[in-house]
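Coordinates as given in upload-v1.txt (compact mmCIF, C-alpha atoms):
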# COMPACT_ATOMS: atom_id res chain seq x y z
CA MET A 257 -29.83 -2.10 54.30
CA THR A 258 -31.85 -5.27 54.87
CA TRP A 259 -31.53 -8.16 57.30
CA GLU A 260 -32.58 -11.69 56.40
CA ASN A 261 -33.62 -12.37 60.00
CA GLU A 262 -35.58 -9.11 60.40
CA SER A 263 -38.59 -9.56 62.66
CA ALA A 264 -41.82 -7.67 62.03
CA SER A 265 -42.44 -7.33 65.78
CA VAL A 266 -39.32 -5.23 66.48
CA LEU A 267 -40.19 -1.91 68.13
CA PRO A 268 -39.69 1.21 65.96
CA GLU A 269 -36.94 2.77 68.11
CA GLN A 270 -35.04 -0.54 68.10
CA ARG A 271 -35.23 -0.67 64.31
CA ILE A 272 -33.90 2.91 64.03
CA TYR A 273 -31.11 2.22 66.55
CA ALA A 274 -30.09 -0.93 64.63
CA ARG A 275 -29.91 0.93 61.31
CA TRP A 276 -27.77 3.72 62.76
CA LEU A 277 -25.60 1.15 64.56
CA ALA A 278 -25.02 -0.76 61.32
CA ALA A 279 -24.12 2.37 59.34
CA GLY A 280 -21.84 3.69 62.11
CA SER A 281 -20.02 0.43 62.69
CA HIS A 282 -19.42 -0.16 58.96
CA LEU A 283 -18.04 3.36 58.54
CA SER A 284 -15.81 3.18 61.60
CA PHE A 285 -14.36 -0.23 60.68
CA ALA A 286 -13.63 1.01 57.16
CA LEU A 287 -11.80 4.04 58.60
CA LEU A 288 -9.95 1.85 61.10
CA VAL A 289 -8.60 -0.48 58.41
CA THR A 290 -7.84 2.33 55.91
CA ALA A 291 -5.86 4.35 58.46
CA PHE A 292 -3.89 1.26 59.48
CA ILE A 293 -3.00 0.48 55.85
CA ILE A 294 -1.76 4.07 55.43
CA TYR A 295 0.26 3.65 58.65
CA LEU A 296 1.89 0.39 57.50
CA ALA A 297 2.49 1.69 53.97
CA GLY A 298 4.55 4.57 55.34
CA VAL A 299 2.66 7.13 53.27
CA ALA A 300 2.97 9.73 56.06
CA ALA A 301 5.54 10.02 58.84
CA PRO A 302 4.45 8.68 62.24
CA LEU A 303 4.91 10.56 65.51
CA VAL A 304 6.77 7.53 66.93
CA PRO A 305 8.72 5.53 64.31
CA VAL A 306 7.54 1.93 64.08
CA ALA A 307 11.06 0.62 64.71
CA GLN A 308 11.21 2.50 68.02
CA LEU A 309 7.82 1.34 69.33
CA PRO A 310 9.24 -1.70 71.20
CA ASN A 311 11.30 0.73 73.31
CA TYR A 312 8.14 2.43 74.51
CA TRP A 313 5.25 -0.02 74.62
CA THR A 314 6.58 -1.56 77.82
CA LEU A 315 5.97 1.79 79.56
CA SER A 316 2.69 2.77 81.21
CA ALA A 317 0.39 5.01 79.17
CA ALA A 318 1.42 8.07 81.22
CA ARG A 319 5.16 7.37 80.84
CA TYR A 320 4.70 6.55 77.13
CA ALA A 321 3.07 9.95 76.58
CA ALA A 322 5.85 11.70 78.51
CA ALA A 323 8.63 9.85 76.68
CA THR A 324 7.28 10.18 73.14
CA GLY A 325 5.26 13.38 73.29
CA GLY A 326 2.26 11.19 72.48
CA PRO A 327 -1.00 13.09 72.76
CA THR A 328 -3.57 12.63 75.53
CA GLY A 329 -7.15 13.90 75.69
CA TRP A 330 -8.20 15.41 72.37
CA HIS A 331 -4.72 16.75 71.60
CA TRP A 332 -4.28 13.95 69.07
CA LEU A 333 -6.24 16.14 66.67
CA GLU A 334 -3.18 18.44 66.52
CA PHE A 335 -1.09 15.53 65.15
CA ILE A 336 -3.66 14.14 62.77
CA GLY A 337 -1.24 14.29 59.82
CA ARG A 338 1.05 11.75 61.52
CA SER A 339 0.25 8.24 60.32
CA ASP A 340 0.14 6.60 63.77
CA VAL A 341 -2.08 9.31 65.26
CA MET A 342 -4.28 9.19 62.14
CA ASN A 343 -5.39 5.73 63.33
CA LEU A 344 -7.12 7.39 66.26
CA VAL A 345 -9.71 8.73 63.81
CA GLY A 346 -10.93 5.18 63.15
CA ILE A 347 -10.65 4.22 66.83
CA ALA A 348 -12.53 7.36 67.92
CA CYS A 349 -15.22 6.58 65.34
CA VAL A 350 -15.66 3.11 66.89
CA ALA A 351 -16.23 4.87 70.23
CA LEU A 352 -18.52 7.49 68.64
CA VAL A 353 -21.02 5.04 67.17
CA THR A 354 -22.98 4.53 70.40
CA PRO A 355 -23.27 8.25 71.37
CA VAL A 356 -24.50 9.07 67.86
CA CYS A 357 -27.09 6.29 68.07
CA PHE A 358 -28.28 7.66 71.42
CA ALA A 359 -28.52 11.18 70.00
CA ARG A 360 -30.95 9.70 67.45
CA LEU A 361 -32.77 7.60 70.06
CA VAL A 362 -33.72 10.43 72.43
CA PRO A 363 -36.00 12.33 70.00
CA GLU A 364 -37.57 9.04 68.89
CA PHE A 365 -38.58 8.21 72.47
CA VAL A 366 -39.85 11.79 72.94
CA ARG A 367 -41.92 11.44 69.75
CA GLN A 368 -43.44 8.23 71.14
CA ARG A 369 -44.11 10.02 74.49
CA GLU A 370 -42.02 7.33 76.22
CA HIS A 371 -40.75 9.82 78.78
CA THR A 372 -39.02 7.32 81.09
CA PHE A 373 -36.98 5.80 78.29
CA ALA A 374 -36.31 9.24 76.81
CA ALA A 375 -34.85 10.26 80.19
CA ILE A 376 -32.76 7.06 80.44
CA ALA A 377 -31.42 7.55 76.90
CA LEU A 378 -30.66 11.21 77.61
CA MET A 379 -28.78 10.32 80.81
CA GLU A 380 -26.80 7.69 78.89
CA LEU A 381 -25.94 10.23 76.21
CA TRP A 382 -24.79 12.66 78.91
CA ILE A 383 -22.54 9.98 80.48
CA LEU A 384 -20.98 9.13 77.11
CA VAL A 385 -20.40 12.79 76.24
CA LEU A 386 -18.88 13.33 79.70
CA ALA A 387 -16.51 10.39 79.15
CA ALA A 388 -15.58 11.54 75.65
CA SER A 389 -15.06 15.17 76.65
CA GLY A 390 -12.25 14.33 79.05
CA ILE A 391 -13.92 16.35 81.81
CA ALA A 392 -14.40 13.23 83.94
CA ALA A 393 -10.72 12.33 83.56
CA GLY A 394 -9.71 15.74 84.89
CA MET B 227 7.16 -8.92 64.10
CA TRP B 228 5.23 -8.42 67.35
CA PRO B 229 2.13 -6.97 65.58
CA LEU B 230 2.05 -9.97 63.22
CA ALA B 231 2.31 -12.35 66.17
CA LEU B 232 -0.41 -10.35 67.91
CA PHE B 233 -2.63 -10.64 64.84
CA LEU B 234 -2.16 -14.44 64.76
CA VAL B 235 -2.81 -14.85 68.50
CA SER B 236 -5.88 -12.58 68.23
CA PHE B 237 -7.11 -14.61 65.26
CA LEU B 238 -6.83 -17.84 67.31
CA LEU B 239 -8.49 -16.16 70.30
CA GLY B 240 -11.34 -15.05 68.03
CA ILE B 241 -11.92 -18.67 66.94
CA VAL B 242 -11.69 -20.04 70.47
CA ALA B 243 -13.90 -17.29 71.94
CA VAL B 244 -16.80 -18.26 69.67
CA LEU B 245 -16.32 -22.00 70.06
CA ALA B 246 -16.05 -21.79 73.84
CA GLY B 247 -18.88 -19.28 74.15
CA VAL B 248 -16.86 -16.62 75.96
CA GLY B 249 -16.11 -13.00 75.07
CA GLY B 250 -12.94 -12.03 73.20
CA GLY B 251 -11.91 -9.43 75.79
CA VAL B 252 -11.85 -11.84 78.70
CA LEU B 253 -9.44 -14.11 76.80
CA PHE B 254 -7.40 -11.33 75.22
CA VAL B 255 -6.28 -9.34 78.27
CA PRO B 256 -4.84 -12.14 80.45
CA ILE B 257 -3.37 -14.14 77.56
CA VAL B 258 -1.85 -11.24 75.61
CA SER B 259 -0.49 -9.64 78.77
CA ALA B 260 1.13 -13.00 79.59
CA LEU B 261 2.63 -13.61 76.12
CA PHE B 262 3.57 -10.13 74.88
CA PRO B 263 5.87 -7.41 76.23
CA PHE B 264 3.22 -4.66 76.09
CA HIS B 265 2.37 -2.71 79.24
CA LEU B 266 -0.93 -3.76 80.80
CA ASP B 267 -2.39 -0.28 80.13
CA PHE B 268 -2.18 -0.87 76.35
CA VAL B 269 -3.43 -4.47 76.58
CA ARG B 270 -6.45 -3.32 78.61
CA GLY B 271 -7.16 -0.57 76.09
CA ALA B 272 -6.97 -3.03 73.19
CA GLY B 273 -9.10 -5.62 75.03
CA LEU B 274 -11.82 -3.08 75.69
CA LEU B 275 -11.85 -1.81 72.10
CA LEU B 276 -11.95 -5.25 70.52
CA ALA B 277 -14.84 -6.24 72.81
CA LEU B 278 -16.56 -2.99 71.79
CA ALA B 279 -15.92 -3.57 68.08
CA GLY B 280 -17.28 -7.12 68.28
CA ALA B 281 -20.40 -5.97 70.12
CA LEU B 282 -21.02 -3.16 67.61
CA ALA B 283 -20.67 -5.54 64.66
CA ALA B 284 -23.09 -8.09 66.15
CA GLY B 285 -25.61 -5.51 67.41
CA PRO B 286 -27.68 -4.61 64.31
CA SER B 287 -28.55 -8.20 63.40
CA LEU B 288 -29.40 -9.11 66.99
CA LEU B 289 -31.66 -6.06 67.33
CA MET B 290 -33.38 -6.59 63.99
CA SER B 291 -34.10 -10.25 64.78
CA GLY B 292 -35.88 -9.14 67.95
CA MET B 293 -33.80 -11.53 70.04
CA ALA B 294 -32.03 -8.59 71.70
CA SER B 295 -34.16 -6.01 73.48
CA LEU B 296 -32.98 -2.41 73.45
CA ARG B 297 -35.46 -1.44 76.18
CA LEU B 298 -34.12 -4.22 78.41
CA ALA B 299 -30.53 -3.14 77.74
CA LEU B 300 -31.00 0.59 78.42
CA PRO B 301 -31.50 0.81 82.22
CA PHE B 302 -28.80 -1.76 83.01
CA ALA B 303 -26.38 -0.27 80.48
CA LEU B 304 -26.86 3.15 82.08
CA ILE B 305 -25.72 1.85 85.47
CA GLY B 306 -22.98 -0.22 83.85
CA SER B 307 -21.57 2.65 81.81
CA VAL B 308 -21.33 4.96 84.84
CA PHE B 309 -19.36 2.33 86.76
CA SER B 310 -17.32 1.32 83.71
CA MET B 311 -16.13 4.92 83.40
CA VAL B 312 -15.34 4.99 87.13
CA GLY B 313 -13.46 1.67 86.83
CA ALA B 314 -11.37 2.98 83.93
CA LEU B 315 -10.56 6.19 85.80
CA VAL B 316 -9.58 4.31 88.97
CA SER B 317 -7.41 1.86 87.01
CA PHE B 318 -5.00 4.60 85.95
CA GLN B 319 -4.43 5.56 89.60
CA VAL B 320 -3.50 2.04 90.69
CA PRO B 321 0.16 0.87 90.47
CA ALA B 322 0.86 -1.64 87.67
CA ASP B 323 1.84 -4.50 90.01
CA VAL B 324 -1.37 -4.09 92.01
CA MET B 325 -3.37 -4.08 88.76
CA GLN B 326 -1.63 -7.31 87.70
CA ALA B 327 -2.46 -8.98 91.03
CA MET B 328 -6.07 -7.76 90.86
CA LEU B 329 -6.33 -9.03 87.27
CA GLY B 330 -5.14 -12.46 88.43
CA ILE B 331 -7.75 -12.57 91.18
CA THR B 332 -10.48 -11.31 88.82
CA ILE B 333 -9.63 -13.97 86.22
CA ALA B 334 -9.80 -16.67 88.92
CA LEU B 335 -13.27 -15.43 89.93
CA ILE B 336 -14.39 -15.34 86.27
CA VAL B 337 -13.19 -18.92 85.80
CA LEU B 338 -15.21 -19.91 88.87
CA LEU B 339 -18.27 -18.15 87.40
CA MET B 340 -17.77 -19.88 84.03
CA TRP B 341 -17.37 -23.24 85.75
CA ARG B 342 -20.41 -22.82 87.98
CA CYS B 343 -22.79 -21.27 85.44
CA GLY B 344 -21.86 -23.62 82.58
CA SER B 345 -24.90 -23.90 80.35
CA THR B 346 -27.72 -23.66 82.91
CA GLU B 347 -30.81 -21.92 81.65
CA PRO B 348 -33.47 -21.14 84.22
CA SER B 349 -35.71 -18.25 83.17
CA ALA B 350 -38.31 -16.19 85.02
CA ARG B 351 -41.40 -18.22 85.90
CA GLY B 352 -43.14 -15.80 88.25
CA ALA B 353 -44.46 -12.28 87.75
CA SER B 354 -42.23 -9.28 87.01
CA ASP B 355 -41.13 -7.18 89.98
CA ARG B 356 -42.46 -3.64 90.42
CA ILE B 357 -39.53 -1.83 88.76
CA ALA B 358 -39.54 -4.16 85.76
CA ALA B 359 -43.33 -3.88 85.44
CA GLY B 360 -43.10 -0.09 85.66
CA LEU B 361 -40.47 0.01 82.90
CA GLY B 362 -42.36 -2.56 80.83
CA LEU B 363 -39.37 -4.91 80.76
CA ALA B 364 -41.06 -7.86 79.11
CA GLY B 365 -41.44 -9.09 75.58
CA VAL B 366 -41.38 -11.93 73.12
CA TYR B 367 -38.92 -13.09 70.47
CA PHE B 368 -38.98 -15.78 67.83
CA ASP B 369 -36.54 -18.67 68.32
CA PRO B 370 -35.73 -20.14 64.87
CA VAL B 371 -34.34 -23.36 66.42
CA SER B 372 -37.50 -24.26 68.36
CA GLY B 373 -39.69 -22.61 65.73
CA GLY B 374 -41.77 -20.87 68.39
CA ASN B 375 -42.11 -17.59 70.24
CA VAL B 376 -40.34 -17.20 73.58
CA ASP B 377 -41.92 -14.93 76.20
CA TRP B 378 -39.64 -13.18 78.63
CA ARG B 379 -40.02 -10.93 81.63
CA VAL B 380 -37.66 -9.60 84.26
CA GLN B 381 -37.33 -10.32 87.97
CA HIS B 382 -34.93 -9.05 90.67
CA THR B 383 -34.37 -5.74 88.84
CA ALA B 384 -32.78 -3.97 91.83
CA ALA B 385 -30.27 -6.80 92.28
CA GLY B 386 -29.67 -6.59 88.53
CA PHE B 387 -28.69 -2.92 88.84
CA ALA B 388 -26.16 -3.84 91.55
CA ALA B 389 -24.78 -6.68 89.40
CA PHE B 390 -24.34 -4.45 86.35
CA ALA B 391 -22.62 -1.82 88.50
CA ILE B 392 -20.02 -4.42 89.56
CA ILE B 393 -19.72 -5.82 86.01
CA GLY B 394 -19.20 -2.30 84.62
CA LEU B 395 -16.58 -1.48 87.24
CA VAL B 396 -14.57 -4.67 86.61
CA GLY B 397 -14.95 -4.43 82.82
CA GLY B 398 -13.79 -0.80 82.80
CA MET B 399 -10.84 -1.48 85.10
CA PHE B 400 -9.42 -4.45 83.24
CA GLY B 401 -10.74 -4.02 79.68
CA LEU B 402 -12.32 -7.46 79.83
CA GLY B 403 -15.52 -6.68 77.94
CA ALA B 404 -18.47 -7.96 79.93
CA GLY B 405 -20.05 -10.91 78.12
CA TRP B 406 -18.61 -13.27 80.73
CA ALA B 407 -20.87 -11.70 83.37
CA ASN B 408 -23.68 -10.01 81.41
CA VAL B 409 -25.12 -13.32 80.27
CA PRO B 410 -25.27 -14.95 83.74
CA ALA B 411 -26.69 -11.70 85.19
CA LEU B 412 -29.40 -11.43 82.54
CA ASN B 413 -30.19 -15.14 82.47
CA LEU B 414 -29.70 -16.42 86.02
CA LEU B 415 -30.49 -13.27 88.00
CA LEU B 416 -33.01 -11.36 85.88
CA GLY B 417 -34.61 -14.49 84.41
CA VAL B 418 -34.27 -13.63 80.71
CA PRO B 419 -34.14 -16.82 78.55
CA LEU B 420 -30.60 -17.71 77.48
CA LYS B 421 -30.74 -16.67 73.81
CA GLY B 422 -32.38 -13.35 74.68
CA ALA B 423 -29.75 -12.86 77.40
CA VAL B 424 -26.84 -13.57 75.04
CA ALA B 425 -28.25 -11.21 72.39
CA THR B 426 -29.08 -8.39 74.82
CA SER B 427 -25.67 -8.81 76.51
CA SER B 428 -24.03 -7.71 73.28
CA ILE B 429 -26.08 -4.48 73.22
CA VAL B 430 -25.33 -3.77 76.88
CA MET B 431 -21.63 -4.39 76.21
CA SER B 432 -21.54 -2.00 73.25
CA ILE B 433 -22.91 0.79 75.46
CA VAL B 434 -20.98 0.04 78.66
CA ASN B 435 -17.62 -0.37 76.91
CA THR B 436 -18.03 2.92 75.04
CA SER B 437 -17.85 5.05 78.19
CA ALA B 438 -14.65 3.30 79.35
CA ALA B 439 -13.17 3.36 75.83
CA TRP B 440 -13.21 7.16 75.87
CA ILE B 441 -11.26 7.19 79.14
CA TYR B 442 -8.60 4.89 77.62
CA ILE B 443 -8.40 7.05 74.49
CA GLY B 444 -8.14 10.19 76.61
CA ARG B 445 -5.34 8.70 78.71
CA GLY B 446 -3.33 7.72 75.65
CA ALA B 447 -3.70 4.01 76.50
CA VAL B 448 -4.65 3.11 72.93
CA LEU B 449 -1.74 2.17 70.68
CA PRO B 450 -2.89 1.63 67.07
CA MET B 451 -0.11 -0.92 66.47
CA ILE B 452 -1.66 -3.07 69.22
CA VAL B 453 -5.36 -2.21 68.86
CA THR B 454 -5.94 -2.57 65.11
CA PRO B 455 -4.25 -5.97 64.50
CA SER B 456 -6.10 -7.27 67.58
CA ILE B 457 -9.51 -6.08 66.38
CA ILE B 458 -8.99 -7.40 62.83
CA GLY B 459 -7.57 -10.70 64.13
CA VAL B 460 -10.36 -11.37 66.62
CA MET B 461 -13.11 -10.42 64.18
CA LEU B 462 -11.72 -12.62 61.39
CA GLY B 463 -11.19 -15.45 63.90
CA ALA B 464 -14.76 -15.09 65.17
CA ARG B 465 -16.06 -15.59 61.60
CA ILE B 466 -14.04 -18.82 61.27
CA GLY B 467 -15.15 -19.87 64.76
CA ALA B 468 -18.80 -19.38 63.82
CA ARG B 469 -18.32 -21.73 60.82
CA LEU B 470 -16.60 -24.36 62.98
CA LEU B 471 -19.17 -24.08 65.75
CA HIS B 472 -21.13 -27.19 64.84
CA ARG B 473 -18.08 -29.31 63.99
CA LEU B 474 -16.04 -29.11 67.18
CA PRO B 475 -16.94 -30.14 70.74
CA SER B 476 -17.67 -26.84 72.52
CA ALA B 477 -17.76 -28.38 76.00
CA VAL B 478 -14.21 -29.73 75.68
CA LEU B 479 -12.96 -26.41 74.29
CA ARG B 480 -14.64 -24.55 77.12
CA ARG B 481 -12.73 -26.69 79.64
CA ILE B 482 -9.47 -26.03 77.78
CA VAL B 483 -10.22 -22.29 77.85
CA ILE B 484 -10.86 -22.46 81.57
CA VAL B 485 -7.45 -24.12 82.11
CA ILE B 486 -5.70 -21.54 79.86
CA LEU B 487 -7.42 -18.69 81.69
CA LEU B 488 -6.39 -20.17 85.05
CA LEU B 489 -2.75 -20.33 83.91
CA ALA B 490 -2.87 -16.76 82.52
CA GLY B 491 -4.57 -15.54 85.71
CA ALA B 492 -1.95 -17.29 87.86
CA ARG B 493 0.82 -15.64 85.85
CA ALA B 494 -0.79 -12.20 86.32
CA LEU B 495 -1.06 -12.86 90.06
CA LEU B 496 2.59 -13.98 90.31
CA THR B 497 3.70 -10.95 88.25
CA GLY B 498 1.72 -8.69 90.55
CA PHE B 499 3.50 -10.13 93.59
CA GLY B 500 6.88 -9.78 91.89
CA LEU B 501 7.40 -13.55 91.64
CA TRP B 502 7.43 -13.62 87.80
CA ASN B 503 9.01 -11.09 85.48
Kindly present the structure from the file in structure tokens form.
Amino acid sequence: MTWENESASVLPEQRIYARWLAAGSHLSFALLVTAFIIYLAGVAAPLVPVAQLPNYWTLSAARYAAATGGPTGWHWLEFIGRSDVMNLVGIACVALVTPVCFARLVPEFVRQREHTFAAIALMELWILVLAASGIAAG
Amino acid sequence: MWPLALFLVSFLLGIVAVLAGVGGGVLFVPIVSALFPFHLDFVRGAGLLLALAGALAAGPSLLMSGMASLRLALPFALIGSVFSMVGALVSFQVPADVMQAMLGITIALIVLLMWRCGSTEPSARGASDRIAAGLGLAGVYFDPVSGGNVDWRVQHTAAGFAAFAIIGLVGGMFGLGAGWANVPALNLLLGVPLKGAVATSSIVMSIVNTSAAWIYIGRGAVLPMIVTPSIIGVMLGARIGARLLHRLPSAVLRRIVIVILLLAGARALLTGFGLWN
């Protein structure tokens, strides 16, 4: 992939991060749109029928989950065949792009012997994994 | 019907956000929560994800041009993402009416910030502080408009950490994105020139919003029927907005946006106090 405004003075780790960011964001947006088309087309049955959604989207997230059996945490993976839950694959991919980029960034900083930035990137990766794991949410 | 209406409103917000020079999330949450019947939890989740999607899409080009600095973004994004996660976690413990009232107050403060900061552009003139010098937070980027290189360095780094902690907390709580505050913090407080601040803000936002996004996903506060039309609408609108940018008066639009935000913020405040259902 090339950029018409690419600058020769960009640092190597920034160039790598940008390439991974571009690939990840393109993939996640493609998944997001594809899953939504499948949802609207009615190819697979949703967990909550579209016609019934207005009865539930006025509820808080906790009450919505209780009323519909909607999954929380990573339990959505158990309902991945349902067309509405399938959309969470694309949404999760949007939220996975940054952690994946950081997983690539850490070894690059280590290779450059940039120990301070390697530590900062590693701490950031740890925070993102903590948030994604659901451990922080209890 | 509601998702189609949401798509159209998001599309318009995407256009206006670019023309007025504000983030999509800061417009989306108060306006959509005022116009649509969705619970605030789902509107916050959608606002956060559309701000994240926009920042991810813009990031590669900004990084490759050298206008954004990854090294500048990293330390502030680390602080911001910790507090963004905390903000998101706290938000699910707060009653909905209190959240509405707090959103109204926050929007009023953001409007004040937008009004005061306007388009001012002071950048660092003195030497870097010790933390910034230690981290090597300085650089140069090429500005295609002026046709010259722009040097930048960072001052007031410790105050910057405090600012990004607050920005992360508020952004995570309300799903507002963070462009509305990242740019003033980077430009006015840290002394980064405006274009570098705008570009780096997008990178910071993509990192900070990710930690909160996982909390919203984990709590089930992400409804695809709300999130996906919003993301597609705002991103398509932003493309149209970018084309219209040089044809419409941004300053006038910015004032209109400020008035709309004030009205949406007032409605959130009144809803929070039980004076508007």
With only C-alpha atoms considered, list every residue of chain A at most 7 Å from chain B, as an mmCIF file with C-alpha atoms, keeping the file's coordinate frame.
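Result saved to selection.cif:
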data_model
loop_
_atom_site.group_PDB
_atom_site.id
_atom_site.type_symbol
_atom_site.label_atom_id
_atom_site.label_comp_id
_atom_site.auth_asym_id
_atom_site.auth_seq_id
_atom_site.Cartn_x
_atom_site.Cartn_y
_atom_site.Cartn_z
ATOM 1 C CA TRP A 259 -31.530 -8.160 57.300
ATOM 2 C CA ASN A 261 -33.620 -12.370 60.000
ATOM 3 C CA GLU A 262 -35.580 -9.110 60.400
ATOM 4 C CA SER A 263 -38.590 -9.560 62.660
ATOM 5 C CA VAL A 266 -39.320 -5.230 66.480
ATOM 6 C CA GLN A 270 -35.040 -0.540 68.100
ATOM 7 C CA ARG A 271 -35.230 -0.670 64.310
ATOM 8 C CA ALA A 274 -30.090 -0.930 64.630
ATOM 9 C CA ARG A 275 -29.910 0.930 61.310
ATOM 10 C CA LEU A 277 -25.600 1.150 64.560
ATOM 11 C CA ALA A 278 -25.020 -0.760 61.320
ATOM 12 C CA SER A 281 -20.020 0.430 62.690
ATOM 13 C CA TRP A 313 5.250 -0.020 74.620
ATOM 14 C CA THR A 314 6.580 -1.560 77.820
ATOM 15 C CA LEU A 315 5.970 1.790 79.560
ATOM 16 C CA SER A 316 2.690 2.770 81.210
ATOM 17 C CA ALA A 317 0.390 5.010 79.170
ATOM 18 C CA ALA A 321 3.070 9.950 76.580
ATOM 19 C CA PRO A 327 -1.000 13.090 72.760
ATOM 20 C CA THR A 328 -3.570 12.630 75.530
ATOM 21 C CA GLY A 329 -7.150 13.900 75.690
ATOM 22 C CA TRP A 330 -8.200 15.410 72.370
ATOM 23 C CA ASP A 340 0.140 6.600 63.770
ATOM 24 C CA ASN A 343 -5.390 5.730 63.330
ATOM 25 C CA VAL A 350 -15.660 3.110 66.890
ATOM 26 C CA ALA A 351 -16.230 4.870 70.230
ATOM 27 C CA THR A 354 -22.980 4.530 70.400
ATOM 28 C CA ILE A 376 -32.760 7.060 80.440
ATOM 29 C CA GLU A 380 -26.800 7.690 78.890
ATOM 30 C CA ILE A 383 -22.540 9.980 80.480
ATOM 31 C CA LEU A 384 -20.980 9.130 77.110
ATOM 32 C CA ALA A 387 -16.510 10.390 79.150
ATOM 33 C CA ALA A 388 -15.580 11.540 75.650
ATOM 34 C CA GLY A 390 -12.250 14.330 79.050
ATOM 35 C CA ALA A 393 -10.720 12.330 83.560
#
Nearby residues (all atoms listed in the file) at most 6 Å from range 464-469 of chain B, same-chain spacing under 5 positions excluded, as a PDB file with C-alpha atoms, keeping the file's coordinate frame:
ATOM      1  CA  GLY B 240     -11.340 -15.050  68.030  1.00  0.00           C
ATOM      2  CA  ILE B 241     -11.920 -18.670  66.940  1.00  0.00           C
ATOM      3  CA  VAL B 244     -16.800 -18.260  69.670  1.00  0.00           C
ATOM      4  CA  LEU B 245     -16.320 -22.000  70.060  1.00  0.00           C
TER       5      LEU B 245
END
CA of Val320 in chain B and CA of Leu386 in chain A, how far apart in Å?
22.0 Å
Which value, in Å to one decimal, gives the distance between CA of Val380 in chain B and CA of Leu416 in chain B?
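Taking CA of Val380 in chain B as the start and CA of Leu416 in chain B as the end point, the length is 5.2 Å.
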Grab the CA of Ile484 in chain B to CA of Leu274 in chain B distance for me, in Å with one decimal place.
20.3 Å
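Comparing B:Ala243, B:Ile331, B:Ala407, B:Ile257 by their smallest distance to Val430 in chain B, the closest is B:Ala407 (using all atoms listed in the file).
Distances here use only C-alpha atoms; by that measure, the residue among B:Pro256, B:Gly249, B:Gly352, B:Gly491 closest to Leu338 in chain B is B:Gly491.
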Residue nearest Ile294 in chain A among A:Ile391, A:Leu381, A:Ala348, A:Met342 (counting all atoms listed in the file):
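When distances to Ile294 in chain A are compared using all atoms listed in the file, the smallest one comes from A:Met342.
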When you count all atoms listed in the file, which of these residues is closest to Ser427 in chain B: B:Leu488, B:Leu298, B:Leu234, B:Val252?
B:Leu298
Show me the residues around (3.5, -11.0, 87.9) - criterion: an atom at most 12 Å away, all atoms listed in the file counted - as a list in words.
Pro256, Ser259, Ala260, Leu266, Ala322, Asp323, Val324, Met325, Gln326, Ala327, Met328, Leu329, Gly330, Ile331, Leu489, Ala490, Gly491, Ala492, Arg493, Ala494, Leu495, Leu496, Thr497, Gly498, Phe499, Gly500, Leu501, Trp502 and Asn503 of chain B
Residues near Val289 in chain A, cut-off 8 Å, only C-alpha atoms, skip fewer than 4 positions along chain, as a PDB file with C-alpha atoms, in the frame of the given file:
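The resulting selection.pdb:
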ATOM      1  CA  PHE A 285     -14.360  -0.230  60.680  1.00  0.00           C
ATOM      2  CA  ILE A 293      -3.000   0.480  55.850  1.00  0.00           C
ATOM      3  CA  GLY A 346     -10.930   5.180  63.150  1.00  0.00           C
TER       4      GLY A 346
ATOM      5  CA  THR B 454      -5.940  -2.570  65.110  1.00  0.00           C
TER       6      THR B 454
END
Got a moment to write range 282-304 of chain A out with C-alpha atoms, as a PDB file, in the first residue's frame?
ATOM      1  CA  HIS A 282      -9.674  -1.810   6.081  1.00  0.00           C
ATOM      2  CA  LEU A 283     -10.296  -5.397   7.179  1.00  0.00           C
ATOM      3  CA  SER A 284     -12.446  -4.426  10.155  1.00  0.00           C
ATOM      4  CA  PHE A 285     -14.596  -1.979   8.154  1.00  0.00           C
ATOM      5  CA  ALA A 286     -15.127  -4.621   5.468  1.00  0.00           C
ATOM      6  CA  LEU A 287     -16.253  -7.122   8.130  1.00  0.00           C
ATOM      7  CA  LEU A 288     -18.470  -4.498   9.780  1.00  0.00           C
ATOM      8  CA  VAL A 289     -20.332  -3.707   6.562  1.00  0.00           C
ATOM      9  CA  THR A 290     -20.550  -7.361   5.408  1.00  0.00           C
ATOM     10  CA  ALA A 291     -22.005  -8.539   8.725  1.00  0.00           C
ATOM     11  CA  PHE A 292     -24.548  -5.707   8.684  1.00  0.00           C
ATOM     12  CA  ILE A 293     -25.669  -6.600   5.145  1.00  0.00           C
ATOM     13  CA  ILE A 294     -26.137 -10.228   6.262  1.00  0.00           C
ATOM     14  CA  TYR A 295     -28.135  -8.948   9.258  1.00  0.00           C
ATOM     15  CA  LEU A 296     -30.426  -6.763   7.129  1.00  0.00           C
ATOM     16  CA  ALA A 297     -30.827  -9.430   4.439  1.00  0.00           C
ATOM     17  CA  GLY A 298     -32.214 -11.867   7.005  1.00  0.00           C
ATOM     18  CA  VAL A 299     -29.870 -14.642   5.890  1.00  0.00           C
ATOM     19  CA  ALA A 300     -29.577 -15.936   9.476  1.00  0.00           C
ATOM     20  CA  ALA A 301     -31.966 -15.567  12.404  1.00  0.00           C
ATOM     21  CA  PRO A 302     -31.108 -12.822  14.906  1.00  0.00           C
ATOM     22  CA  LEU A 303     -31.093 -13.308  18.675  1.00  0.00           C
ATOM     23  CA  VAL A 304     -33.505 -10.359  19.008  1.00  0.00           C
TER      24      VAL A 304
END
